[in-house]
>>> print(open('run26.txt').read())   # compact mmCIF, C-alpha atoms
# COMPACT_ATOMS: atom_id res chain seq x y z
CA MET A 1 0.00 0.00 0.00
CA PRO A 2 1.61 3.31 -1.01
CA GLY A 3 2.51 5.97 1.53
CA ASN A 4 2.35 5.63 5.30
CA PRO A 5 -0.15 2.84 6.11
CA GLU A 6 -1.15 4.44 9.41
CA ASP A 7 -2.01 7.74 7.78
CA HIS A 8 -3.81 5.93 4.97
CA LEU A 9 -6.13 4.02 7.28
CA ASP A 10 -6.80 7.06 9.45
CA ARG A 11 -8.24 8.89 6.45
CA ARG A 12 -10.76 6.10 6.25
CA ASP A 13 -11.62 6.35 9.92
CA PHE A 14 -9.52 3.46 11.12
CA MET A 15 -6.33 3.68 13.15
CA ILE A 16 -3.40 1.33 13.50
CA ALA A 17 -2.58 1.07 17.19
CA SER A 18 0.91 -0.22 17.90
CA LEU A 19 1.53 -2.94 20.45
CA ALA A 20 3.40 -0.39 22.51
CA THR A 21 0.31 1.79 22.62
CA VAL A 22 -1.89 -1.10 23.72
CA GLY A 23 0.65 -2.07 26.36
CA ALA A 24 0.84 1.46 27.66
CA SER A 25 -2.94 1.70 27.93
CA ALA A 26 -3.11 -1.64 29.70
CA ALA A 27 -0.45 -0.49 32.15
CA LEU A 28 -2.47 2.62 32.90
CA VAL A 29 -5.55 0.51 33.49
CA ALA A 30 -3.70 -1.85 35.78
CA ASN A 31 -2.76 1.13 37.89
CA ALA A 32 -6.22 2.71 37.84
CA GLY A 33 -6.50 5.20 40.62
CA ALA A 34 -2.87 6.23 40.36
CA ALA A 35 -1.82 9.64 39.13
CA ASN A 36 -3.15 10.42 35.67
CA ALA A 37 -0.49 9.91 33.03
CA GLN A 38 -1.97 12.55 30.72
CA GLY A 39 -1.65 15.96 32.30
CA ALA A 40 -4.34 17.41 30.05
CA ALA A 41 -6.91 15.27 31.80
CA ALA A 42 -6.44 17.11 35.08
CA PRO A 43 -9.00 19.85 35.62
CA SER A 44 -7.60 23.26 34.83
CA ALA A 45 -7.39 25.98 37.43
CA GLY A 46 -10.87 27.14 38.21
CA ALA A 47 -12.60 23.96 37.01
CA ALA A 48 -15.93 23.66 38.76
CA SER A 49 -16.17 21.30 41.73
CA ALA A 50 -19.87 22.10 42.15
CA THR A 51 -22.80 22.95 39.94
CA VAL A 52 -22.39 26.34 38.25
CA TYR A 53 -25.45 27.88 36.60
CA THR A 54 -24.67 30.46 33.92
CA GLY A 55 -28.00 32.23 34.40
CA ASP A 56 -29.08 31.37 30.86
CA THR A 57 -31.96 29.13 29.83
CA ILE A 58 -32.58 27.37 26.50
CA ALA A 59 -36.13 26.24 25.76
CA GLY A 60 -36.84 26.43 29.46
CA LYS A 61 -33.82 24.33 30.44
CA LYS A 62 -31.15 25.82 32.69
CA VAL A 63 -27.57 26.09 31.40
CA VAL A 64 -24.62 24.94 33.49
CA SER A 65 -20.86 25.30 32.98
CA GLY A 66 -20.12 22.76 35.70
CA LEU A 67 -22.18 19.99 37.26
CA ASP A 68 -22.13 17.99 40.47
CA VAL A 69 -25.10 15.63 40.44
CA ASN A 70 -25.05 15.63 44.24
CA ASP A 71 -26.45 19.16 44.06
CA LEU A 72 -29.59 18.02 42.24
CA GLU A 73 -32.87 17.13 43.90
CA PRO A 74 -33.23 13.35 44.33
CA GLY A 75 -36.15 11.31 43.06
CA ARG A 76 -36.62 13.09 39.73
CA LYS A 77 -35.17 13.73 36.28
CA HIS A 78 -33.32 16.92 35.47
CA LEU A 79 -32.95 18.31 31.93
CA LEU A 80 -30.06 20.76 31.47
CA TYR A 81 -27.73 22.18 28.87
CA PHE A 82 -23.97 22.21 29.39
CA GLN A 83 -22.03 25.17 27.99
CA GLY A 84 -19.22 23.87 25.82
CA VAL A 85 -16.62 25.61 23.69
CA GLN A 86 -17.23 28.86 21.86
CA MET A 87 -18.06 29.08 18.16
CA PRO A 88 -16.25 31.54 15.87
CA THR A 89 -19.08 34.01 16.59
CA GLY A 90 -18.38 33.92 20.32
CA GLN A 91 -21.56 32.00 21.06
CA TYR A 92 -21.37 28.52 22.58
CA TRP A 93 -21.92 24.94 21.57
CA TYR A 94 -24.35 23.48 24.08
CA VAL A 95 -24.82 19.78 24.80
CA SER A 96 -27.94 18.25 26.32
CA VAL A 97 -27.69 16.62 29.74
CA THR A 98 -30.31 14.32 31.26
CA VAL A 99 -29.84 13.29 34.88
CA ALA A 100 -32.00 10.61 36.49
CA LYS A 101 -31.30 11.23 40.19
CA GLY A 102 -32.44 8.33 42.33
CA ALA A 103 -34.45 8.77 45.50
CA LYS A 104 -31.68 6.95 47.39
CA PRO A 105 -27.88 7.37 47.15
CA GLY A 106 -25.82 4.93 45.14
CA LYS A 107 -23.43 4.50 42.24
CA ARG A 108 -23.20 7.00 39.38
CA VAL A 109 -23.10 5.83 35.76
CA VAL A 110 -22.47 8.13 32.80
CA LEU A 111 -23.82 7.30 29.31
CA THR A 112 -22.51 9.21 26.29
CA SER A 113 -23.22 9.23 22.56
CA GLY A 114 -22.74 11.58 19.65
CA VAL A 115 -18.95 11.78 19.93
CA HIS A 116 -19.17 11.08 16.20
CA GLY A 117 -21.90 12.99 14.41
CA ASP A 118 -23.08 10.21 12.09
CA GLU A 119 -23.93 7.65 14.78
CA MET A 120 -27.68 7.68 15.27
CA SER A 121 -28.33 4.26 16.84
CA SER A 122 -26.03 5.15 19.72
CA VAL A 123 -28.10 8.26 20.44
CA GLN A 124 -31.42 6.39 20.46
CA THR A 125 -29.98 3.63 22.64
CA VAL A 126 -29.10 6.13 25.36
CA GLN A 127 -32.42 7.95 24.99
CA THR A 128 -34.34 4.68 25.31
CA VAL A 129 -32.48 3.71 28.48
CA MET A 130 -33.14 7.10 30.05
CA ASN A 131 -36.84 6.94 29.15
CA GLN A 132 -37.14 3.63 31.01
CA LEU A 133 -35.73 4.96 34.28
CA ASP A 134 -37.95 5.88 37.22
CA PRO A 135 -35.87 7.98 39.66
CA ALA A 136 -38.33 7.30 42.47
CA GLN A 137 -37.32 3.62 42.30
CA MET A 138 -33.57 4.21 41.81
CA SER A 139 -30.59 4.15 44.17
CA GLY A 140 -27.90 6.26 42.54
CA THR A 141 -27.67 8.41 39.44
CA VAL A 142 -27.56 7.94 35.68
CA MET A 143 -26.41 10.90 33.59
CA ALA A 144 -26.74 10.94 29.80
CA VAL A 145 -25.12 13.22 27.22
CA THR A 146 -26.38 12.30 23.75
CA ASP A 147 -24.88 15.03 21.56
CA VAL A 148 -21.25 15.37 22.65
CA SER A 149 -20.00 16.64 19.27
CA ARG A 150 -22.79 19.09 18.48
CA PRO A 151 -21.39 20.64 15.26
CA ALA A 152 -20.75 17.19 13.79
CA LEU A 153 -24.28 16.08 14.66
CA GLU A 154 -25.80 19.18 13.08
CA SER A 155 -24.56 17.98 9.69
CA MET A 156 -24.71 14.25 10.53
CA GLN A 157 -21.02 13.81 9.72
CA ARG A 158 -18.44 11.85 11.66
CA ARG A 159 -15.96 14.65 12.37
CA TRP A 160 -16.07 18.10 13.95
CA PRO A 161 -15.80 20.85 11.28
CA ASN A 162 -13.01 23.12 12.53
CA PHE A 163 -11.99 26.34 10.82
CA GLY A 164 -9.13 27.57 12.98
CA ARG A 165 -6.51 26.92 10.29
CA GLY A 166 -8.72 26.73 7.24
CA ALA A 167 -11.34 24.05 6.68
CA ASP A 168 -10.51 20.91 8.66
CA LEU A 169 -12.39 17.90 10.02
CA ILE A 170 -11.28 16.66 13.44
CA ASP A 171 -12.20 13.28 14.88
CA MET A 172 -13.28 14.13 18.41
CA ASN A 173 -12.68 10.54 19.50
CA ARG A 174 -8.97 11.20 19.18
CA GLU A 175 -9.10 14.25 21.47
CA TRP A 176 -9.92 12.89 24.94
CA PRO A 177 -9.39 13.84 27.72
CA GLY A 178 -9.01 17.15 25.94
CA ASN A 179 -7.40 20.36 27.13
CA GLU A 180 -9.38 23.41 28.19
CA ASN A 181 -6.52 25.55 26.86
CA GLY A 182 -5.88 23.41 23.78
CA LEU A 183 -5.00 24.52 20.27
CA THR A 184 -8.33 23.59 18.68
CA ALA A 185 -11.99 24.04 19.57
CA PRO A 186 -12.62 20.25 19.73
CA SER A 187 -9.72 19.81 22.18
CA ARG A 188 -11.09 22.58 24.40
CA HIS A 189 -14.64 21.23 24.13
CA ALA A 190 -13.43 17.78 25.18
CA GLY A 191 -11.53 19.28 28.10
CA LEU A 192 -14.52 21.25 29.32
CA LEU A 193 -16.85 18.26 29.12
CA PHE A 194 -14.42 15.79 30.66
CA ASN A 195 -13.27 18.01 33.53
CA ARG A 196 -16.52 19.75 34.43
CA LEU A 197 -19.28 17.33 33.44
CA LEU A 198 -18.29 13.72 32.76
CA ARG A 199 -15.40 12.76 35.02
CA PRO A 200 -16.73 14.37 38.24
CA ASN A 201 -20.02 12.44 38.01
CA ALA A 202 -18.89 8.95 37.01
CA ASP A 203 -18.21 5.77 38.95
CA ALA A 204 -18.53 3.91 35.63
CA ALA A 205 -19.06 5.06 32.05
CA ILE A 206 -20.27 3.72 28.72
CA ASP A 207 -19.53 5.56 25.45
CA PHE A 208 -21.88 4.38 22.69
CA HIS A 209 -20.88 4.33 19.00
CA THR A 210 -21.78 2.75 15.64
CA GLY A 211 -19.86 1.95 12.51
CA THR A 212 -18.71 4.86 10.39
CA THR A 213 -20.36 6.16 7.24
CA GLY A 214 -19.71 3.61 4.51
CA PHE A 215 -18.80 0.78 6.89
CA GLU A 216 -21.27 -1.36 8.86
CA VAL A 217 -20.44 -3.32 11.99
CA THR A 218 -22.20 -6.03 13.93
CA ALA A 219 -23.36 -5.68 17.53
CA PHE A 220 -20.20 -5.81 19.63
CA ASN A 221 -18.45 -4.19 22.58
CA ILE A 222 -14.86 -2.96 22.92
CA GLY A 223 -13.04 -3.08 26.25
CA GLY A 224 -10.17 -4.59 28.20
CA MET A 225 -11.31 -7.82 29.84
CA ASP A 226 -8.18 -7.95 32.00
CA VAL A 227 -9.90 -5.29 34.15
CA PRO A 228 -12.43 -7.21 36.30
CA GLU A 229 -15.08 -4.46 36.48
CA VAL A 230 -14.93 -3.87 32.71
CA LYS A 231 -15.13 -7.61 32.06
CA ALA A 232 -18.20 -7.84 34.29
CA MET A 233 -19.98 -5.09 32.35
CA LEU A 234 -19.02 -6.43 28.90
CA GLU A 235 -20.43 -9.86 29.70
CA LEU A 236 -23.83 -8.40 30.67
CA TYR A 237 -24.76 -7.60 27.06
CA PRO A 238 -26.65 -10.12 24.87
CA VAL A 239 -24.56 -9.24 21.81
CA GLY A 240 -22.61 -11.60 19.61
CA GLN A 241 -19.05 -10.31 19.95
CA ILE A 242 -16.58 -8.73 22.36
CA PHE A 243 -13.37 -7.13 21.12
CA ASP A 244 -11.08 -7.67 24.12
CA ASN A 245 -8.58 -4.89 23.49
CA HIS A 246 -7.60 -1.58 25.07
CA VAL A 247 -7.27 -0.04 21.58
CA TYR A 248 -5.49 3.31 21.82
CA PRO A 249 -5.31 6.59 23.75
CA GLY A 250 -7.51 9.49 22.71
CA VAL A 251 -10.84 7.66 22.75
CA LEU A 252 -13.31 8.68 25.43
CA HIS A 253 -13.59 5.35 27.20
CA ASN A 254 -9.82 5.21 27.64
CA ALA A 255 -9.80 8.73 29.09
CA PHE A 256 -12.15 7.41 31.78
CA MET A 257 -9.99 4.33 32.27
CA ASP A 258 -6.86 6.40 32.68
CA VAL A 259 -8.37 8.15 35.71
CA GLY A 260 -9.57 4.93 37.32
CA ILE A 261 -13.17 4.90 36.05
CA PRO A 262 -14.17 1.56 34.43
CA ALA A 263 -15.51 2.18 30.92
CA PHE A 264 -16.02 0.57 27.52
CA THR A 265 -17.50 1.22 24.08
CA PRO A 266 -20.51 -0.51 22.49
CA GLU A 267 -20.70 -0.52 18.67
CA ILE A 268 -24.23 -0.65 17.21
CA GLY A 269 -24.49 -1.42 13.51
CA ALA A 270 -24.38 1.08 10.67
CA ALA A 271 -24.01 4.85 10.73
CA ARG A 272 -26.70 7.40 9.80
CA VAL A 273 -29.63 5.04 10.48
CA LEU A 274 -31.56 3.60 13.41
CA ASP A 275 -30.96 -0.14 13.69
CA LEU A 276 -34.18 -1.13 15.42
CA LYS A 277 -33.05 -4.76 15.78
CA MET A 278 -29.73 -4.00 17.45
CA ILE A 279 -30.76 -1.11 19.69
CA PRO A 280 -32.89 -3.29 22.04
CA LEU A 281 -29.89 -5.58 22.66
CA PHE A 282 -27.84 -2.67 23.95
CA VAL A 283 -30.73 -1.25 25.95
CA GLU A 284 -31.13 -4.63 27.64
CA GLY A 285 -27.41 -4.88 28.33
CA THR A 286 -27.22 -1.35 29.72
CA MET A 287 -30.15 -1.99 32.03
CA ASN A 288 -28.25 -5.10 33.20
CA VAL A 289 -25.27 -2.87 34.01
CA LEU A 290 -27.48 -0.53 36.05
CA LYS A 291 -28.87 -3.55 37.93
CA HIS A 292 -25.30 -4.80 38.44
CA TYR A 293 -24.52 -1.55 40.24
CA GLY A 294 -27.75 -1.64 42.24
CA ILE A 295 -29.07 1.54 40.63
CA VAL A 296 -32.30 0.00 39.38
CA PRO A 297 -34.16 -3.00 40.82
CA GLY A 298 -35.28 -6.12 39.02
CA PRO A 299 -33.91 -9.36 37.59
CA MET A 300 -31.15 -9.45 35.00
CA GLY A 301 -32.09 -9.77 31.36
CA ARG A 302 -30.20 -11.84 28.81
CA THR A 303 -26.40 -11.68 28.87
CA GLY A 304 -23.49 -12.76 26.69
CA LYS A 305 -23.83 -16.32 27.98
CA ASP A 306 -27.31 -16.55 26.50
CA VAL A 307 -26.07 -15.72 22.99
CA ASN A 308 -22.73 -17.59 23.11
CA VAL A 309 -20.74 -14.39 22.72
CA PHE A 310 -17.57 -14.69 20.64
CA VAL A 311 -14.50 -13.05 22.19
CA GLY A 312 -11.47 -12.00 20.16
CA ASN A 313 -8.52 -9.73 20.87
CA SER A 314 -7.57 -8.81 17.31
CA ALA A 315 -9.29 -7.72 14.10
CA PHE A 316 -7.92 -8.81 10.73
CA PRO A 317 -8.49 -6.19 8.00
CA VAL A 318 -9.14 -7.11 4.38
CA LEU A 319 -8.17 -4.07 2.30
CA ALA A 320 -9.06 -3.34 -1.30
CA THR A 321 -6.20 -3.62 -3.78
CA GLN A 322 -8.21 -2.37 -6.76
CA GLY A 323 -10.94 0.12 -7.55
CA GLY A 324 -14.42 -1.10 -8.43
CA LEU A 325 -17.70 -2.56 -7.20
CA VAL A 326 -17.49 -4.82 -4.15
CA GLU A 327 -19.56 -7.98 -3.73
CA HIS A 328 -19.42 -9.54 -0.27
CA LEU A 329 -19.51 -13.31 -0.02
CA VAL A 330 -19.93 -13.38 3.76
CA GLY A 331 -22.23 -11.62 6.23
CA LEU A 332 -21.81 -10.07 9.65
CA ASN A 333 -21.14 -12.66 12.39
CA ASP A 334 -20.33 -15.37 9.82
CA LYS A 335 -17.53 -17.70 10.85
CA VAL A 336 -14.65 -17.82 8.38
CA GLN A 337 -11.51 -19.89 7.93
CA PRO A 338 -8.05 -19.00 6.61
CA GLY A 339 -8.08 -18.86 2.84
CA GLN A 340 -11.86 -18.57 2.60
CA LYS A 341 -13.02 -16.16 -0.11
CA VAL A 342 -14.87 -13.23 1.48
CA ALA A 343 -15.35 -10.74 -1.39
CA VAL A 344 -14.82 -10.10 -5.08
CA GLN A 345 -14.45 -6.83 -6.95
CA ARG A 346 -15.49 -5.93 -10.49
CA ASP A 347 -14.41 -3.15 -12.81
CA SER A 348 -16.67 -0.95 -14.94
CA PHE A 349 -17.01 -3.73 -17.56
CA GLY A 350 -18.17 -6.27 -14.99
CA ALA A 351 -14.97 -8.27 -15.03
CA ILE A 352 -13.62 -9.57 -11.72
CA VAL A 353 -10.42 -7.66 -10.98
CA ALA A 354 -9.76 -8.90 -7.43
CA GLU A 355 -10.71 -11.70 -5.08
CA TYR A 356 -10.25 -11.35 -1.34
CA THR A 357 -9.71 -14.04 1.29
CA SER A 358 -9.50 -14.24 5.06
CA GLY A 359 -6.08 -14.69 6.60
CA VAL A 360 -7.44 -15.97 9.92
CA ALA A 361 -10.12 -18.11 11.56
CA GLY A 362 -12.71 -15.92 13.26
CA GLU A 363 -16.02 -14.08 12.86
CA VAL A 364 -16.92 -11.22 10.54
CA THR A 365 -17.32 -8.05 12.62
CA GLY A 366 -17.51 -5.36 9.93
CA LEU A 367 -18.26 -4.97 6.21
CA ARG A 368 -17.94 -2.05 3.84
CA SER A 369 -21.47 -0.85 3.07
CA ASP A 370 -20.54 1.53 0.27
CA ALA A 371 -20.73 -0.49 -2.95
CA MET A 372 -17.55 0.95 -4.47
CA ALA A 373 -14.03 0.99 -3.07
CA GLU A 374 -10.62 2.27 -4.06
CA PRO A 375 -7.26 0.72 -3.17
CA GLY A 376 -6.67 0.78 0.56
CA ASP A 377 -10.31 0.93 1.63
CA PRO A 378 -11.21 -1.61 4.34
CA LEU A 379 -13.66 -4.15 2.93
CA THR A 380 -13.98 -6.59 5.81
CA PHE A 381 -12.84 -6.91 9.40
CA ILE A 382 -12.59 -10.35 10.99
CA LEU A 383 -12.52 -10.66 14.77
CA PHE A 384 -10.19 -13.41 15.98
CA HIS A 385 -7.98 -14.38 18.89
CA ARG A 386 -4.24 -14.79 18.99
CA PRO A 387 -2.06 -15.46 22.02
CA THR A 388 -0.30 -12.11 21.81
CA PRO A 389 -1.69 -9.19 19.79
CA GLU A 390 0.91 -7.88 17.37
CA ALA A 391 1.98 -4.38 16.40
CA GLY A 392 -0.28 -2.92 13.74
CA GLU A 393 -3.60 -4.06 15.22
CA THR A 394 -6.62 -2.58 13.46
CA TYR A 395 -10.29 -2.55 14.30
CA PRO A 396 -13.57 -1.25 12.85
CA GLU A 397 -14.84 1.90 14.55
>>> encode(input="run26.txt", output="structure tokens")
Amino acid sequence: MPGNPEDHLDRRDFMIASLATVGASAALVANAGAANAQGAAAPSAGAASATVYTGDTIAGKKVVSGLDVNDLEPGRKHLLYFQGVQMPTGQYWYVSVTVAKGAKPGKRVVLTSGVHGDEMSSVQTVQTVMNQLDPAQMSGTVMAVTDVSRPALESMQRRWPNFGRGADLIDMNREWPGNENGLTAPSRHAGLLFNRLLRPNADAAIDFHTGTTGFEVTAFNIGGMDVPEVKAMLELYPVGQIFDNHVYPGVLHNAFMDVGIPAFTPEIGAARVLDLKMIPLFVEGTMNVLKHYGIVPGPMGRTGKDVNVFVGNSAFPVLATQGGLVEHLVGLNDKVQPGQKVAVQRDSFGAIVAEYTSGVAGEVTGLRSDAMAEPGDPLTFILFHRPTPEAGETYPE
């Protein structure tokens, strides 16, 4: 593949995480609760340690620039806006905050979505969970932020449109924990949210995502199963796959992990649509997590054991070598063997110009949904397990 492979994949919304990176993240997790290794994650001077109301209201909802859920009245839901970074006009990007404050004290769980602006199923999953909660019956607090990257969501695109140095698109899920004094608006926005809203109110966190535009994924979760509390949460979801990997720094769930807060990332199907078959699986799993922490009462629903969840620690990418129309020969969750043909590609005359095979035994976890591809585009990702993950791991996100 011409050029730098890491840069090439990043342009297609995938990142090669080196083994050193994974090891470093795992080391941070193993020492959860120790001093934060990334100085930017520490709250800046003046960061709010209590709820700060700006005095503004939007559609009848109060605006805060800092939040401590302990300040809120128990036994009810609270709808707020959080004041994020400024726009070029000097106005602010606001994100919506829903807090279900239980009648009794207990654990605090944070649910986020909309870090990428094209991920609609993640938003509805969080909304559905919050709509099911009855604070009068809860012990603890659940806080939801469904539109983290507001400017990206406004145009339903993956990345934050940034104009500080000319037109640029910044992936906000490479910016965490952010920096309130950072060089870009997304970095500052991430710092404000992490320091003043998310981190102070979390005993555990779940950051919901989907596949990216043009690439569909199955129902799976990403997290490090060597961390007992993360493993316990991952196994409570009735979804078919778990990607047991710490992936790389810069993603939101790892920012939580680096400050000792157990967290992971669910992935819910295709971008830009509502997957009404997958969403209930993640709602059920999330309600299981809230029951696990004693926040809501009731028996557990289905878990990974009920669906024979497949666990892998690596994802094998099949990349296009030609340009043309792609025909998949396998489906999501299909089991494949080394050498098995998984796709063919045809040119403008209908002739087959490339055939693609799996290099591993595993399960299909992602497929390109755009019908055409150029050289270097990921066509298929296959989740599999190897004794020691190697440098150059890739995964669908």
>>> residues_around(input="run26.txt", residues="Val63 of chain A", least_positions_apart="3", cutoff="12 Å", atoms="only C-alpha atoms", output="list in words")
Thr51, Val52, Tyr53, Thr54, Gly55, Asp56, Thr57, Ile58, Ala59, Gly60, Gly66, Leu67, His78, Leu79, Leu80, Tyr81, Phe82, Gln83, Gly84, Tyr92, Trp93, Tyr94, Val95, Ser96 and Val97 of chain A
>>> residues_around(input="run26.txt", residues="Glu374 of chain A", least_positions_apart="4", cutoff="8 Å", atoms="only C-alpha atoms", output="PyMOL selection string")
chain A and resi 320-324
>>> closest_residue(input="run26.txt", among="A:Pro262, A:Pro387, A:Pro317, A:Gly240", to="Thr303 of chain A", atoms="all atoms listed in the file")
A:Gly240
>>> residues_around(input="run26.txt", residues="segment 219-232 of chain A", least_positions_apart="3", cutoff="6 Å", atoms="all atoms listed in the file", output="list in words")
Glu235, Val239, Gln241, Ile242, Phe243, Asp244, Asn245, His246, Pro262, Phe264, Thr265, Pro266, Glu267, Ile268 and Gly269 of chain A
>>> atom_distance(input="run26.txt", atom1="atom CA of Ala255 of chain A", atom2="atom CA of Asp68 of chain A")
19.2 Å
>>> atom_distance(input="run26.txt", atom1="atom CA of Val129 of chain A", atom2="atom CA of Ala190 of chain A")
23.9 Å
>>> closest_residue(input="run26.txt", among="A:Asn179, A:Thr365, A:Thr89, A:Thr98", to="Val311 of chain A", atoms="only C-alpha atoms")
A:Thr365
>>> atom_distance(input="run26.txt", atom1="atom CA of Ile279 of chain A", atom2="atom CA of Leu153 of chain A")
19.0 Å
>>> closest_residue(input="run26.txt", among="A:Glu216, A:Glu119, A:Asp334, A:Asp134", to="Leu379 of chain A", atoms="all atoms listed in the file")
A:Glu216
>>> residues_around(input="run26.txt", residues="Leu276 of chain A", least_positions_apart="4", cutoff="12 Å", atoms="only C-alpha atoms", output="number ranges by chain")
A: 120-122, 124-125, 128, 219, 268-270, 280-283
>>> closest_residue(input="run26.txt", among="A:Leu169, A:Leu234, A:Val142, A:Val109", to="Gly285 of chain A", atoms="all atoms listed in the file")
A:Leu234
>>> closest_residue(input="run26.txt", among="A:Gly294, A:Ala351, A:Met87, A:Gly117", to="Glu154 of chain A", atoms="only C-alpha atoms")
A:Gly117
>>> closest_residue(input="run26.txt", among="A:Gly211, A:Gly362, A:Pro74, A:Gly301", to="Tyr237 of chain A", atoms="only C-alpha atoms")
A:Gly301
>>> residues_around(input="run26.txt", residues="segment 327-332 of chain A", least_positions_apart="3", cutoff="12 Å", atoms="all atoms listed in the file", output="PyMOL selection string")
chain A and resi 215-220+240-241+269-270+318+320+324+335-337+340-347+350+352-358+362-373+379-383
>>> axis_aligned_box(input="run26.txt", around="segment 272-291 of chain A", padding_each_side="4 Å", output="lines of an AutoDock Vina configuration file")
center_x = -29.7
center_y = 0.9
center_z = 23.9
size_x = 16.9
size_y = 21.0
size_z = 36.1
